[in-house]
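Enquirer: Let me give you the structure first, and then I'll get to my questions.
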Amino acid sequence: MNGGEVTSYAAVVGRVLDSLRTERDMKQGALAESVGVGQSTWSRIEKGEVAISIDQLARAAAALGIKPSDILLWADQAVDSFTEEKQGTVLTDKPAEIKKNGIGAGALLLGAGALAAIVWAARQK
């Protein structure tokens, strides 16, 4: 693993979705309804506590007026920046598996916090 923070790919995608939703001045509950989940579930998706499904990603993208591939592209760019700058490691395990293997929510939240600026920068490219 690289030094620094640890986060999950689900957290990176969640941060991108949060950024897009906020940019469009959309409430979590409204996007959650468009996706077909409750607001609390959507909050957990944005935090990277649960991974978004492909179908949910497609519905979220439609509600945000973009393509699902754009969301994943920005997530991939953020991951590349995060790891290339040796700020941390992005794990692709399911969030529950990461927690089970001893990386607590605190570490994931620190990683997600560090990702905010990286996601923003990736989206400016």
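Residue names in the structure tokens use chain letters A, B, ... in the order shown, residue numbers from 1 in each chain, and ligand numbers from 1 in the order shown.
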Which residues, written as JSON, numbers by chain, have at least one atom at most 8 Å from Arg21 of chain A, with only C-alpha atoms counted and residues fewer than 5 positions away on the same chain left out?
Expert: {"A": [26, 27, 28, 31, 64]}
Enquirer: Go through A:Ala11, A:Val6, A:Val35, A:Val16 and flag the residue nearest Leu73 of chain A, using only C-alpha atoms for the distances.
Expert: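 Nearest to Leu73 of chain A: A:Val16.
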Enquirer: Can you work out the spacing between atom CA of Ile52 of chain A and atom CA of Glu84 of chain A in Å, to one decimal?
Expert: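 Calculated distance between atom CA of Ile52 of chain A and atom CA of Glu84 of chain A is 25.1 Å.
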Enquirer: Could you check how far atom CA of Ala51 of chain A sits from atom CA of Lys67 of chain A, in Å to one decimal?
Expert: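 Atom-to-atom, atom CA of Ala51 of chain A and atom CA of Lys67 of chain A are spaced 18.2 Å apart.
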Enquirer: Using atom CA of Ala75 of chain A and atom CA of Val12 of chain A as the two end points, give the distance in Å to one decimal.
Expert: 5.8 Å
Enquirer: For Asp18 of chain A, which residue among A:Val50, A:Val37, A:Ile71, A:Arg59 is the nearest when counting only C-alpha atoms?
Expert: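 With only C-alpha atoms as the atom set, the closest residue is A:Ile71.
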